[in-house]
Each structure stands twice: as C-alpha cells, then as structure tokens.
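Note sheet for the following structure.
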Amino acid sequence: MTQDSEAVPSANDSGQIPLYQLTSRSIPAPIPDWSPMRQFVCKLASRCNLDCDYCYIYHHIDQSWREQPRRMSMETAAQLGRRINEHAVKHSLQGVDITLHGGEPLLAGIGYVEQWLKTVSEHCCQTRIQFQLQTNGTLFDEKVLDLCLKWNVRVGLSMDGPRGTNDRHRVGFNGESSFDSTERAAKLLSSPKGREIWSGFLAVIDLESDPLEVYHYFKSFSPRSIEFLLPLCNYEARPPGKSQDQPENTKYADWLLRIFNEWFYERPQTISIRRFRDIIALLGNAKSASEEWGLHPIDFAVVESNGNIEAVDTLKTTYAGACYLGLNVFNNSFDDVLTSPMVLERQQRWARLCDTCRACSLVEVCGGGYFPHRYSASNGFKNPSVYCADLKKMIPEIRSAVIKVLTEARNEVEHSLPNQT
Amino acid sequence: MADTLSANSIIEPAISLELSEVDLSKLPSLKGTALEAVINEIRDEDDVPSRSRHHSHHSYRTHGTAAW
C-alpha cells in the first residue's frame, strides 16, 4: 500500500538514535476488511438495579430490553459456548474474551453466575477463555471476589468519579446514591487480593465535573486502567454541552486534555488511560485499539439474554432495532454475523466512511469517530462524529506532546555525548 | 477494498509517527513514562487489548505482570 516518505525532521541526524519518522500517505495503510470475532459480550441479565439517566439500554430510543428474559437460560449458555468454540476452532483463534455483561450481570445471583461460567466453559473447551465481568459494583462483595479469583474473571468497575460526579447520573430507581456501594467495590478490588483480577474503571465523561478531581479520585485506587467514555450521543440526540448551534465547541477535548496533560508527564506512570493509549498507539501505526478508534474491523459480537446475536448494543442510542440482526445462537454461527450488513458496515470501516472523513488526515486515528456517534436520521452513519471538533483538537495536541517528549529525550542524550570533534 | 481505496485521493499528509522504530534503550529519560509503555505495547501486537468499549480489561499477557 502506498506510503511515501516525507522529509524526516532530523530524526536520525546523529546516525545513532533511531527516533521517529513522519510519513505521508495518499491512502491509509493496508487494513484487513474483516476479522473473526474474538470477544463476546454476553447479556447474562437484561435488567439493572441502577437507573443511570444516560444508560444506552434503558434511557434511549430502543426499548428492546423489555422483551428479553431477565436472565440467560443455561440451555442458551450451553449453546453459546458451543458456538464460540465452533468459531474459535474454525478460525484457529488462540483465545477469546467472554464478557459477562448486562444490565447488571450480578443481578442474576452468584450461584447462577458460577453455573453460567461452568456451562460456557464446558461447551467451549477447545480454546482459551478469558472471562471478564463489567459491573456497577453495587453487588460486588467478598464472595463475588472469591468467585472471580476462582475463575480468573477480570473485573471492570463502572463508576463516574467522586460522590458528587458519580451521583449526578448513577442513581437508583428512587434517585438514591450508588456511591457508597460502588466505592466499597473499588476498595475491595484495589486490595492486594482484588488487584489480581481488577482491570480498572470505566467512566462516562460529565462536563460538569472537574476532570482533575475525577482523575485524582480514580488514581487514589491505583487502578491498572481508566477509560473515559464520551457520552453515547449523535446528531439526533446531541451530547450535553454541544447544542446544534455550537458544533465546533471542543468542551470534551478540553476536559480530556486537562487529564492528558497531567497523566502524560507523570513518572512513573502505572495507569493506562485507554483513550490516550489508543490515540498514541494509532499515531504509531498500531494494529489494535478499542472499537472507538482506528480503521480496523471490529472483532466482537453481543449476545442477548435470549441468545440473539446482535450488533454492538451501543447502537440502541441511534434508532429502535439498530442492533437487531435476525440471528440467534440456536440457528446461526458467529460466521453468519460476518455477512450481516450492519456488521459489514463496521468491518469495512474505511469503505463506509463519509467523504469528509476519507479526506481528513486524522482518519487513521479517529476512524471517522465511534460508529454510534456518527448517526443522523438523514444520512445514517455517513457523517463525521458528532464529536469531530473534539477529535480534531485532541489528536494533534497529543501528537505534539509525543513529539515534544521524544525530541527532548533525544536532545538529552545528544547533550550527554562526548564532543567528538 | 483495494479498489475502493485506490479510487480515493487523500492529499493531506498523514500523521503517523513510526513509534515502533524508537530505540528505547538509547533514550533513558523515557523510562517509566506512559509513552514508553505504549511503544512497548505497539511492539507486542499479539497482546491485543479487548476491542469493545464494554470493559476495561486491558490484555491477556501483561495483566498482573507489566506496569500497565
């Protein structure tokens, strides 16, 4: 694929220190236009014990959760295991990620969860499984921790920050705070015992919060990673703080960059902030990143409580039925997903972008923006992200910071070399 | 896909940085930085983080052993 060299800004002048290179391309680097599924997001429970006002499952236009069984049957779990096994064997996958998701998956009960793990494992025995659990933490206690340790289930905790920030959106059905119970889970997971299986925090950005206060709060638990998610919005349901008459405001970039500008220069840095990690990695031509970034095909499917195989469930924020593929683990293999138009749309990411994105120099990093963020009733997903202005600000600033640090590191070495003239 | 791509004309320079070419052993001041960790991850692309944004799980192999 075309990759033309451009003037390299004195990266290798010394002939001793390969540093960095700027390249220009007339078209993106070669990217496969399909991928087998490597991750399976499984809806053990279709209900939740919290009533977060931004929730993409319960508080947006798609209300299909109402038709789902409260929890997945063991018969469905067994068939799910068989289908994952079939897919892994066919595509010679070294391993798969299986995420216990909901709703709140722990609502199904600890006994049920263990039976589910056992059932899926028994029927998916020809590949390595890494189980994951994404939880709001309210039901996470010592017994659940022991179960996760026993089954090596990695745990992600959904929480938005300190009390005021968290409770602005993440509340119970009577508006009651979820903070104390979630913070208890954070303490348990950050204990020496919990750390073995704790992945980190998953937080939705709230512009009303102070980004550094949120970051410092999370940092106090020394998590392995933090992901700050952009709210699931689009051109029909605009992001908070970004009304139709202010498309160019960059409030989300400004919020995130305040954290970046502290995080990036901290040493030693032991926390991975996935959003920043992905931008830097894609600037460096990485092949992998979260589904929100880059042009690589998606490699995961969602399985509902009734066994339906669906497109990514965050599409529930766009239009009713957006996730529905007409597939079910009892009738279909995961290969069938690969022929579904909605999934093809996300596998062939470059081919399906709008012209504006295809002509933009940032596209290899932003990938045109997260798929649900691109939706409008008039153009479907052929739009730049509703967060385009934020991406256009954030990516170059992070790139400049990377170049600055690399240049300083190189200069430091050069100044320390003995004068050879 | 190749046909689709070649029909396009992106004229702006791309923004890539060849980070995988950075010789970290010769740049000691990067030790312990976020940048060092990302560069190491890029070099070990088999260590694929989960793609979906549904979970904060980071990777198979580095879990519990590497700095990240």
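By order in the structure tokens, chains are A, B, ...; within a chain, residues start at 1; ligands start at 1, following the order shown.
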>> According to DSSP computed on the backbone, where in stretch 287-394 of chain A is there helix (DSSP H, G or I)? Give the residues as a PyMOL selection string.
In response: chain A and resi 313-317+334-337+341-347+355-358+363-366+371-374+388-394
For those residues, write C-alpha atoms to a file as a tab-separated table (two decimals), in the first residue's frame.
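Wrote it out as out.tsv, contents follow:
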chain	number	residue	atom	x	y	z
A	313	ASP	CA	-25.55	-2.67	21.74
A	314	THR	CA	-24.49	0.97	21.96
A	315	LEU	CA	-26.38	1.34	18.67
A	316	LYS	CA	-29.53	1.31	20.81
A	317	THR	CA	-28.93	5.05	21.10
A	334	PHE	CA	-20.85	-16.46	14.53
A	335	ASP	CA	-19.66	-16.61	10.92
A	336	ASP	CA	-23.18	-15.59	9.94
A	337	VAL	CA	-22.57	-12.32	11.73
A	341	PRO	CA	-24.99	-5.58	6.53
A	342	MET	CA	-24.77	-3.76	9.85
A	343	VAL	CA	-21.66	-5.70	10.85
A	344	LEU	CA	-20.10	-5.34	7.40
A	345	GLU	CA	-20.55	-1.62	7.83
A	346	ARG	CA	-18.20	-1.82	10.79
A	347	GLN	CA	-15.85	-4.40	9.38
A	355	ASP	CA	-16.28	11.72	2.06
A	356	THR	CA	-15.38	14.30	4.70
A	357	CYS	CA	-13.73	11.66	6.86
A	358	ARG	CA	-11.99	9.95	3.96
A	363	VAL	CA	-8.87	9.38	9.86
A	364	GLU	CA	-6.34	6.64	10.56
A	365	VAL	CA	-6.52	7.54	14.22
A	366	CYS	CA	-10.13	8.57	14.77
A	371	PHE	CA	-19.96	4.40	14.92
A	372	PRO	CA	-22.99	5.38	17.07
A	373	HIS	CA	-21.64	8.92	17.37
A	374	ARG	CA	-21.96	9.32	13.59
A	388	CYS	CA	-15.49	15.64	15.36
A	389	ALA	CA	-14.35	19.05	16.63
A	390	ASP	CA	-13.11	17.43	19.84
A	391	LEU	CA	-11.22	14.74	17.97
A	392	LYS	CA	-9.65	17.35	15.69
A	393	LYS	CA	-8.36	19.21	18.72
A	394	MET	CA	-7.32	16.26	20.86
> If you count only C-alpha atoms, which residues fall within 10 Å of A:Lys193, apart from same-chain ones fewer than 3 positions away, as a list of chain:residue names?
Replying inline: A:Glu142, A:Leu145, A:Asp146, A:Leu149, A:Leu188, A:Leu189, A:Ser190, A:Glu196, A:Ile197, A:Trp198
Residue subset to file, keeping N, CA and C atoms, as a PDB file, in the first residue's frame:
ATOM      1  N   GLU A 142     -17.134  -9.799  48.963  1.00  0.00           N
ATOM      2  CA  GLU A 142     -16.041 -10.777  49.118  1.00  0.00           C
ATOM      3  C   GLU A 142     -16.345 -12.087  48.399  1.00  0.00           C
ATOM      4  N   LEU A 145     -15.856 -11.632  44.776  1.00  0.00           N
ATOM      5  CA  LEU A 145     -14.415 -11.540  44.524  1.00  0.00           C
ATOM      6  C   LEU A 145     -13.782 -12.931  44.512  1.00  0.00           C
ATOM      7  N   ASP A 146     -14.156 -13.745  45.482  1.00  0.00           N
ATOM      8  CA  ASP A 146     -13.599 -15.110  45.532  1.00  0.00           C
ATOM      9  C   ASP A 146     -13.988 -15.910  44.289  1.00  0.00           C
ATOM     10  N   LEU A 149     -11.826 -14.733  41.463  1.00  0.00           N
ATOM     11  CA  LEU A 149     -10.467 -15.266  41.588  1.00  0.00           C
ATOM     12  C   LEU A 149     -10.438 -16.730  41.176  1.00  0.00           C
ATOM     13  N   LEU A 188     -12.459  -2.900  47.553  1.00  0.00           N
ATOM     14  CA  LEU A 188     -12.236  -4.354  47.532  1.00  0.00           C
ATOM     15  C   LEU A 188     -11.338  -4.748  46.350  1.00  0.00           C
ATOM     16  N   LEU A 189     -11.636  -4.172  45.206  1.00  0.00           N
ATOM     17  CA  LEU A 189     -10.861  -4.515  44.008  1.00  0.00           C
ATOM     18  C   LEU A 189      -9.441  -3.969  44.054  1.00  0.00           C
ATOM     19  N   SER A 190      -9.247  -2.877  44.782  1.00  0.00           N
ATOM     20  CA  SER A 190      -7.889  -2.309  44.850  1.00  0.00           C
ATOM     21  C   SER A 190      -7.086  -2.901  46.010  1.00  0.00           C
ATOM     22  N   GLU A 196      -5.498  -8.688  41.774  1.00  0.00           N
ATOM     23  CA  GLU A 196      -5.133  -9.778  40.854  1.00  0.00           C
ATOM     24  C   GLU A 196      -6.080  -9.859  39.658  1.00  0.00           C
ATOM     25  N   ILE A 197      -7.330  -9.463  39.883  1.00  0.00           N
ATOM     26  CA  ILE A 197      -8.300  -9.626  38.793  1.00  0.00           C
ATOM     27  C   ILE A 197      -8.974  -8.295  38.413  1.00  0.00           C
ATOM     28  N   TRP A 198      -8.478  -7.196  38.950  1.00  0.00           N
ATOM     29  CA  TRP A 198      -9.114  -5.910  38.655  1.00  0.00           C
ATOM     30  C   TRP A 198      -8.523  -5.284  37.409  1.00  0.00           C
TER      31      TRP A 198
END
>> What's around A:Thr119 at 8 Å? Count only C-alpha atoms, leave out sequence neighbours fewer than 3 positions away in its own chain, and write the answer as a ChimeraX atom specification.
In response: /A:74,77-78,81,115-116,122-123
How would the residues just picked look written out with C-alpha atoms as an mmCIF file, in the first residue's frame?
data_model
loop_
_atom_site.group_PDB
_atom_site.id
_atom_site.type_symbol
_atom_site.label_atom_id
_atom_site.label_comp_id
_atom_site.auth_asym_id
_atom_site.auth_seq_id
_atom_site.Cartn_x
_atom_site.Cartn_y
_atom_site.Cartn_z
ATOM 1 C CA MET A 74 -28.478 -22.409 30.945
ATOM 2 C CA ALA A 77 -25.469 -20.536 27.795
ATOM 3 C CA ALA A 78 -24.545 -24.058 26.666
ATOM 4 C CA GLY A 81 -20.421 -21.960 24.491
ATOM 5 C CA GLN A 115 -23.156 -22.117 36.886
ATOM 6 C CA TRP A 116 -23.016 -19.917 33.779
ATOM 7 C CA GLU A 122 -17.721 -26.981 29.396
ATOM 8 C CA HIS A 123 -19.103 -26.300 25.944
#
Mind checking which residues fall within 7 Å of A:Glu310, counting only C-alpha atoms, ignoring those fewer than 4 positions away in the same chain, and posting them as a compact mmCIF listing (two decimals) with all heavy atoms, in the first residue's frame?
# COMPACT_ATOMS: atom_id res chain seq x y z
N ALA A 301 -18.92 -9.55 19.14
CA ALA A 301 -20.37 -9.59 18.94
C ALA A 301 -21.05 -9.53 20.30
O ALA A 301 -20.45 -9.86 21.32
CB ALA A 301 -20.76 -10.88 18.21
N VAL A 302 -22.29 -9.11 20.29
CA VAL A 302 -23.09 -9.05 21.51
C VAL A 302 -24.12 -10.18 21.46
O VAL A 302 -24.73 -10.43 20.41
CB VAL A 302 -23.79 -7.68 21.62
CG1 VAL A 302 -24.76 -7.66 22.81
CG2 VAL A 302 -22.77 -6.56 21.75
N VAL A 303 -24.28 -10.89 22.57
CA VAL A 303 -25.30 -11.93 22.64
C VAL A 303 -26.30 -11.57 23.74
O VAL A 303 -25.91 -11.41 24.91
CB VAL A 303 -24.67 -13.32 22.92
CG1 VAL A 303 -25.75 -14.38 22.99
CG2 VAL A 303 -23.64 -13.66 21.84
N CYS A 323 -29.67 -2.69 16.49
CA CYS A 323 -28.75 -3.81 16.80
C CYS A 323 -29.25 -5.13 16.23
O CYS A 323 -28.49 -6.09 16.15
CB CYS A 323 -28.62 -3.99 18.31
SG CYS A 323 -28.27 -2.51 19.19
N TYR A 324 -30.51 -5.19 15.89
CA TYR A 324 -31.13 -6.48 15.56
C TYR A 324 -30.59 -7.01 14.23
O TYR A 324 -30.65 -6.34 13.21
CB TYR A 324 -32.65 -6.32 15.50
CG TYR A 324 -33.37 -7.62 15.26
CD1 TYR A 324 -33.45 -8.58 16.28
CD2 TYR A 324 -33.96 -7.90 14.03
CE1 TYR A 324 -34.10 -9.79 16.07
CE2 TYR A 324 -34.62 -9.10 13.81
CZ TYR A 324 -34.68 -10.05 14.82
OH TYR A 324 -35.32 -11.24 14.62
N LEU A 325 -30.09 -8.24 14.26
CA LEU A 325 -29.53 -8.85 13.05
C LEU A 325 -30.36 -10.04 12.57
O LEU A 325 -30.09 -10.60 11.51
CB LEU A 325 -28.09 -9.33 13.31
CG LEU A 325 -27.08 -8.29 13.82
CD1 LEU A 325 -25.73 -8.95 14.09
CD2 LEU A 325 -26.92 -7.16 12.81
> Please, what distance in Å, to one decimal, runs between atom CA of A:Pro240 and atom CA of A:Glu208?
Replying inline: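 Distance between the two atoms: 9.6 Å.
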Contacts of stretch 38-45 of chain A within 7 Å, only C-alpha atoms, excl. fewer than 2 positions in-chain, as a PDB file with all heavy atoms, in the first residue's frame:
ATOM      1  N   PRO A  36     -12.358 -12.273  12.303  1.00  0.00           N
ATOM      2  CA  PRO A  36     -13.219 -13.158  13.086  1.00  0.00           C
ATOM      3  C   PRO A  36     -13.551 -12.498  14.416  1.00  0.00           C
ATOM      4  O   PRO A  36     -12.907 -11.531  14.823  1.00  0.00           O
ATOM      5  CB  PRO A  36     -12.362 -14.405  13.286  1.00  0.00           C
ATOM      6  CG  PRO A  36     -10.953 -13.930  13.150  1.00  0.00           C
ATOM      7  CD  PRO A  36     -10.993 -12.784  12.187  1.00  0.00           C
ATOM      8  N   ARG A  47     -31.696  -6.833  33.077  1.00  0.00           N
ATOM      9  CA  ARG A  47     -32.177  -5.726  33.916  1.00  0.00           C
ATOM     10  C   ARG A  47     -31.030  -5.195  34.768  1.00  0.00           C
ATOM     11  O   ARG A  47     -29.986  -5.836  34.896  1.00  0.00           O
ATOM     12  CB  ARG A  47     -33.309  -6.197  34.838  1.00  0.00           C
ATOM     13  CG  ARG A  47     -34.461  -6.887  34.125  1.00  0.00           C
ATOM     14  CD  ARG A  47     -35.216  -5.943  33.190  1.00  0.00           C
ATOM     15  NE  ARG A  47     -36.521  -6.473  32.808  1.00  0.00           N
ATOM     16  CZ  ARG A  47     -36.755  -7.203  31.720  1.00  0.00           C
ATOM     17  NH1 ARG A  47     -35.762  -7.514  30.903  1.00  0.00           N
ATOM     18  NH2 ARG A  47     -37.982  -7.614  31.438  1.00  0.00           N
ATOM     19  N   ARG A  70     -35.276 -12.138  31.893  1.00  0.00           N
ATOM     20  CA  ARG A  70     -34.485 -11.430  32.908  1.00  0.00           C
ATOM     21  C   ARG A  70     -33.056 -11.945  32.955  1.00  0.00           C
ATOM     22  O   ARG A  70     -32.136 -11.197  33.254  1.00  0.00           O
ATOM     23  CB  ARG A  70     -35.146 -11.554  34.278  1.00  0.00           C
ATOM     24  CG  ARG A  70     -36.385 -10.687  34.362  1.00  0.00           C
ATOM     25  CD  ARG A  70     -37.017 -10.678  35.737  1.00  0.00           C
ATOM     26  NE  ARG A  70     -38.101  -9.710  35.747  1.00  0.00           N
ATOM     27  CZ  ARG A  70     -37.957  -8.428  36.069  1.00  0.00           C
ATOM     28  NH1 ARG A  70     -36.784  -7.982  36.428  1.00  0.00           N
ATOM     29  NH2 ARG A  70     -38.993  -7.604  36.045  1.00  0.00           N
ATOM     30  N   ARG A  71     -32.871 -13.241  32.727  1.00  0.00           N
ATOM     31  CA  ARG A  71     -31.507 -13.748  32.648  1.00  0.00           C
ATOM     32  C   ARG A  71     -31.421 -14.858  31.609  1.00  0.00           C
ATOM     33  O   ARG A  71     -32.435 -15.464  31.253  1.00  0.00           O
ATOM     34  CB  ARG A  71     -30.989 -14.200  34.008  1.00  0.00           C
ATOM     35  CG  ARG A  71     -31.777 -15.301  34.653  1.00  0.00           C
ATOM     36  CD  ARG A  71     -31.254 -15.529  36.075  1.00  0.00           C
ATOM     37  NE  ARG A  71     -31.739 -16.814  36.587  1.00  0.00           N
ATOM     38  CZ  ARG A  71     -31.501 -17.267  37.800  1.00  0.00           C
ATOM     39  NH1 ARG A  71     -30.785 -16.557  38.648  1.00  0.00           N
ATOM     40  NH2 ARG A  71     -31.950 -18.435  38.193  1.00  0.00           N
ATOM     41  N   MET A  72     -30.226 -15.101  31.143  1.00  0.00           N
ATOM     42  CA  MET A  72     -29.999 -16.097  30.103  1.00  0.00           C
ATOM     43  C   MET A  72     -30.212 -17.496  30.684  1.00  0.00           C
ATOM     44  O   MET A  72     -29.731 -17.797  31.776  1.00  0.00           O
ATOM     45  CB  MET A  72     -28.560 -15.951  29.580  1.00  0.00           C
ATOM     46  CG  MET A  72     -28.231 -16.848  28.400  1.00  0.00           C
ATOM     47  SD  MET A  72     -26.495 -16.646  27.862  1.00  0.00           S
ATOM     48  CE  MET A  72     -26.539 -15.045  27.063  1.00  0.00           C
ATOM     49  N   VAL A  96     -10.227 -16.429  23.341  1.00  0.00           N
ATOM     50  CA  VAL A  96     -11.345 -15.492  23.184  1.00  0.00           C
ATOM     51  C   VAL A  96     -11.598 -14.796  24.522  1.00  0.00           C
ATOM     52  O   VAL A  96     -11.285 -15.336  25.584  1.00  0.00           O
ATOM     53  CB  VAL A  96     -12.643 -16.208  22.738  1.00  0.00           C
ATOM     54  CG1 VAL A  96     -12.501 -16.779  21.351  1.00  0.00           C
ATOM     55  CG2 VAL A  96     -13.064 -17.283  23.746  1.00  0.00           C
ATOM     56  N   ASP A  97     -12.150 -13.598  24.438  1.00  0.00           N
ATOM     57  CA  ASP A  97     -12.632 -12.889  25.622  1.00  0.00           C
ATOM     58  C   ASP A  97     -14.139 -13.091  25.697  1.00  0.00           C
ATOM     59  O   ASP A  97     -14.843 -12.907  24.689  1.00  0.00           O
ATOM     60  CB  ASP A  97     -12.369 -11.383  25.498  1.00  0.00           C
ATOM     61  CG  ASP A  97     -10.909 -11.028  25.699  1.00  0.00           C
ATOM     62  OD1 ASP A  97     -10.134 -11.900  26.117  1.00  0.00           O
ATOM     63  OD2 ASP A  97     -10.557  -9.863  25.443  1.00  0.00           O
ATOM     64  N   ILE A  98     -14.620 -13.454  26.855  1.00  0.00           N
ATOM     65  CA  ILE A  98     -16.066 -13.560  27.058  1.00  0.00           C
ATOM     66  C   ILE A  98     -16.436 -12.629  28.210  1.00  0.00           C
ATOM     67  O   ILE A  98     -15.979 -12.813  29.344  1.00  0.00           O
ATOM     68  CB  ILE A  98     -16.488 -15.005  27.362  1.00  0.00           C
ATOM     69  CG1 ILE A  98     -16.134 -15.916  26.176  1.00  0.00           C
ATOM     70  CG2 ILE A  98     -17.982 -15.071  27.665  1.00  0.00           C
ATOM     71  CD1 ILE A  98     -16.516 -17.390  26.364  1.00  0.00           C
ATOM     72  N   THR A  99     -17.236 -11.614  27.897  1.00  0.00           N
ATOM     73  CA  THR A  99     -17.578 -10.600  28.891  1.00  0.00           C
ATOM     74  C   THR A  99     -18.968 -10.851  29.467  1.00  0.00           C
ATOM     75  O   THR A  99     -19.947 -10.966  28.727  1.00  0.00           O
ATOM     76  CB  THR A  99     -17.535  -9.191  28.254  1.00  0.00           C
ATOM     77  OG1 THR A  99     -16.231  -8.986  27.702  1.00  0.00           O
ATOM     78  CG2 THR A  99     -17.820  -8.116  29.278  1.00  0.00           C
ATOM     79  N   LEU A 100     -19.028 -10.934  30.779  1.00  0.00           N
ATOM     80  CA  LEU A 100     -20.314 -11.062  31.474  1.00  0.00           C
ATOM     81  C   LEU A 100     -20.873  -9.656  31.618  1.00  0.00           C
ATOM     82  O   LEU A 100     -20.295  -8.807  32.316  1.00  0.00           O
ATOM     83  CB  LEU A 100     -20.130 -11.699  32.854  1.00  0.00           C
ATOM     84  CG  LEU A 100     -19.826 -13.203  32.905  1.00  0.00           C
ATOM     85  CD1 LEU A 100     -18.453 -13.538  32.325  1.00  0.00           C
ATOM     86  CD2 LEU A 100     -19.901 -13.710  34.343  1.00  0.00           C
ATOM     87  N   HIS A 101     -21.988  -9.403  30.952  1.00  0.00           N
ATOM     88  CA  HIS A 101     -22.479  -8.042  30.823  1.00  0.00           C
ATOM     89  C   HIS A 101     -23.970  -8.007  31.112  1.00  0.00           C
ATOM     90  O   HIS A 101     -24.617  -9.034  31.260  1.00  0.00           O
ATOM     91  CB  HIS A 101     -22.185  -7.548  29.390  1.00  0.00           C
ATOM     92  CG  HIS A 101     -21.950  -6.087  29.270  1.00  0.00           C
ATOM     93  ND1 HIS A 101     -22.953  -5.200  28.965  1.00  0.00           N
ATOM     94  CD2 HIS A 101     -20.814  -5.353  29.397  1.00  0.00           C
ATOM     95  CE1 HIS A 101     -22.435  -3.980  28.911  1.00  0.00           C
ATOM     96  NE2 HIS A 101     -21.146  -4.040  29.163  1.00  0.00           N
ATOM     97  N   GLY A 102     -24.532  -6.816  31.156  1.00  0.00           N
ATOM     98  CA  GLY A 102     -25.965  -6.695  31.402  1.00  0.00           C
ATOM     99  C   GLY A 102     -26.505  -5.483  30.691  1.00  0.00           C
ATOM    100  O   GLY A 102     -25.957  -5.095  29.653  1.00  0.00           O
ATOM    101  N   GLY A 103     -27.459  -4.788  31.306  1.00  0.00           N
ATOM    102  CA  GLY A 103     -27.855  -4.776  32.693  1.00  0.00           C
ATOM    103  C   GLY A 103     -26.702  -4.914  33.677  1.00  0.00           C
ATOM    104  O   GLY A 103     -25.576  -4.612  33.384  1.00  0.00           O
ATOM    105  N   GLU A 104     -27.089  -5.385  34.836  1.00  0.00           N
ATOM    106  CA  GLU A 104     -26.086  -5.675  35.853  1.00  0.00           C
ATOM    107  C   GLU A 104     -25.990  -7.200  35.973  1.00  0.00           C
ATOM    108  O   GLU A 104     -26.919  -7.841  36.486  1.00  0.00           O
ATOM    109  CB  GLU A 104     -26.471  -5.033  37.189  1.00  0.00           C
ATOM    110  CG  GLU A 104     -25.636  -5.483  38.373  1.00  0.00           C
ATOM    111  CD  GLU A 104     -24.123  -5.376  38.120  1.00  0.00           C
ATOM    112  OE1 GLU A 104     -23.662  -4.347  37.609  1.00  0.00           O
ATOM    113  OE2 GLU A 104     -23.406  -6.370  38.414  1.00  0.00           O
ATOM    114  N   PRO A 105     -24.897  -7.783  35.498  1.00  0.00           N
ATOM    115  CA  PRO A 105     -24.817  -9.246  35.462  1.00  0.00           C
ATOM    116  C   PRO A 105     -24.917  -9.903  36.833  1.00  0.00           C
ATOM    117  O   PRO A 105     -25.428 -11.025  36.945  1.00  0.00           O
ATOM    118  CB  PRO A 105     -23.457  -9.514  34.810  1.00  0.00           C
ATOM    119  CG  PRO A 105     -22.708  -8.234  34.868  1.00  0.00           C
ATOM    120  CD  PRO A 105     -23.709  -7.143  34.902  1.00  0.00           C
ATOM    121  N   LEU A 107     -26.898  -9.228  39.097  1.00  0.00           N
ATOM    122  CA  LEU A 107     -28.306  -9.367  39.495  1.00  0.00           C
ATOM    123  C   LEU A 107     -28.792 -10.804  39.312  1.00  0.00           C
ATOM    124  O   LEU A 107     -29.763 -11.228  39.934  1.00  0.00           O
ATOM    125  CB  LEU A 107     -29.193  -8.450  38.630  1.00  0.00           C
ATOM    126  CG  LEU A 107     -29.586  -7.086  39.168  1.00  0.00           C
ATOM    127  CD1 LEU A 107     -30.551  -6.425  38.179  1.00  0.00           C
ATOM    128  CD2 LEU A 107     -30.211  -7.178  40.549  1.00  0.00           C
ATOM    129  N   ALA A 108     -28.126 -11.541  38.456  1.00  0.00           N
ATOM    130  CA  ALA A 108     -28.532 -12.927  38.199  1.00  0.00           C
ATOM    131  C   ALA A 108     -28.251 -13.824  39.401  1.00  0.00           C
ATOM    132  O   ALA A 108     -28.774 -14.935  39.493  1.00  0.00           O
ATOM    133  CB  ALA A 108     -27.805 -13.467  36.959  1.00  0.00           C
ATOM    134  N   ASP A 299     -14.119  -6.828  16.114  1.00  0.00           N
ATOM    135  CA  ASP A 299     -13.925  -8.265  16.285  1.00  0.00           C
ATOM    136  C   ASP A 299     -14.707  -8.800  17.477  1.00  0.00           C
ATOM    137  O   ASP A 299     -14.244  -9.669  18.189  1.00  0.00           O
ATOM    138  CB  ASP A 299     -12.436  -8.595  16.429  1.00  0.00           C
ATOM    139  CG  ASP A 299     -11.805  -7.890  17.616  1.00  0.00           C
ATOM    140  OD1 ASP A 299     -12.519  -7.155  18.316  1.00  0.00           O
ATOM    141  OD2 ASP A 299     -10.604  -8.094  17.863  1.00  0.00           O
ATOM    142  N   PHE A 300     -15.881  -8.231  17.697  1.00  0.00           N
ATOM    143  CA  PHE A 300     -16.687  -8.743  18.796  1.00  0.00           C
ATOM    144  C   PHE A 300     -18.169  -8.712  18.439  1.00  0.00           C
ATOM    145  O   PHE A 300     -18.603  -7.977  17.552  1.00  0.00           O
ATOM    146  CB  PHE A 300     -16.446  -7.949  20.080  1.00  0.00           C
ATOM    147  CG  PHE A 300     -16.944  -6.540  20.026  1.00  0.00           C
ATOM    148  CD1 PHE A 300     -18.205  -6.218  20.479  1.00  0.00           C
ATOM    149  CD2 PHE A 300     -16.148  -5.540  19.514  1.00  0.00           C
ATOM    150  CE1 PHE A 300     -18.672  -4.919  20.417  1.00  0.00           C
ATOM    151  CE2 PHE A 300     -16.601  -4.239  19.449  1.00  0.00           C
ATOM    152  CZ  PHE A 300     -17.862  -3.920  19.894  1.00  0.00           C
ATOM    153  N   ALA A 301     -18.922  -9.549  19.136  1.00  0.00           N
ATOM    154  CA  ALA A 301     -20.368  -9.592  18.937  1.00  0.00           C
ATOM    155  C   ALA A 301     -21.047  -9.535  20.300  1.00  0.00           C
ATOM    156  O   ALA A 301     -20.446  -9.855  21.325  1.00  0.00           O
ATOM    157  CB  ALA A 301     -20.760 -10.882  18.210  1.00  0.00           C
ATOM    158  N   VAL A 302     -22.290  -9.106  20.287  1.00  0.00           N
ATOM    159  CA  VAL A 302     -23.089  -9.053  21.509  1.00  0.00           C
ATOM    160  C   VAL A 302     -24.124 -10.178  21.458  1.00  0.00           C
ATOM    161  O   VAL A 302     -24.727 -10.428  20.410  1.00  0.00           O
ATOM    162  CB  VAL A 302     -23.794  -7.679  21.624  1.00  0.00           C
ATOM    163  CG1 VAL A 302     -24.756  -7.660  22.809  1.00  0.00           C
ATOM    164  CG2 VAL A 302     -22.771  -6.560  21.751  1.00  0.00           C
ATOM    165  N   VAL A 303     -24.276 -10.887  22.569  1.00  0.00           N
ATOM    166  CA  VAL A 303     -25.296 -11.932  22.643  1.00  0.00           C
ATOM    167  C   VAL A 303     -26.296 -11.571  23.740  1.00  0.00           C
ATOM    168  O   VAL A 303     -25.914 -11.414  24.910  1.00  0.00           O
ATOM    169  CB  VAL A 303     -24.668 -13.315  22.925  1.00  0.00           C
ATOM    170  CG1 VAL A 303     -25.750 -14.383  22.986  1.00  0.00           C
ATOM    171  CG2 VAL A 303     -23.643 -13.656  21.841  1.00  0.00           C
ATOM    172  N   GLU A 304     -27.535 -11.407  23.342  1.00  0.00           N
ATOM    173  CA  GLU A 304     -28.579 -11.009  24.296  1.00  0.00           C
ATOM    174  C   GLU A 304     -28.999 -12.193  25.175  1.00  0.00           C
ATOM    175  O   GLU A 304     -28.681 -13.350  24.884  1.00  0.00           O
ATOM    176  CB  GLU A 304     -29.784 -10.440  23.541  1.00  0.00           C
ATOM    177  CG  GLU A 304     -29.571  -9.050  22.984  1.00  0.00           C
ATOM    178  CD  GLU A 304     -29.541  -7.963  24.068  1.00  0.00           C
ATOM    179  OE1 GLU A 304     -29.901  -8.260  25.228  1.00  0.00           O
ATOM    180  OE2 GLU A 304     -29.142  -6.829  23.745  1.00  0.00           O
ATOM    181  N   SER A 305     -29.791 -11.912  26.200  1.00  0.00           N
ATOM    182  CA  SER A 305     -30.201 -12.946  27.160  1.00  0.00           C
ATOM    183  C   SER A 305     -30.983 -14.075  26.492  1.00  0.00           C
ATOM    184  O   SER A 305     -30.945 -15.212  26.933  1.00  0.00           O
ATOM    185  CB  SER A 305     -31.071 -12.326  28.256  1.00  0.00           C
ATOM    186  OG  SER A 305     -30.435 -11.204  28.803  1.00  0.00           O
TER     187      SER A 305
END
> If you count only C-alpha atoms, which residues fall within 12 Å of A:Asn261, apart from same-chain ones fewer than 3 positions away, as number ranges by chain?
Replying inline: A: 211-212, 215, 253-258, 264-266, 276, 394, 397-398, 400-402; B: 34
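Using only C-alpha atoms for every distance, the candidate list B:Ser25, B:Asp44, B:Ala37, B:Gly32 yields B:Gly32 as the residue closest to chain A.
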>> Among stretch 216-349 of chain A, which ones does DSSP assign to strand (DSSP E) (computed from the backbone)? Answer as a VMD selection string.
In response: chain A and resid 225 to 229 272 to 273 300 to 303 308 to 310 324 to 328
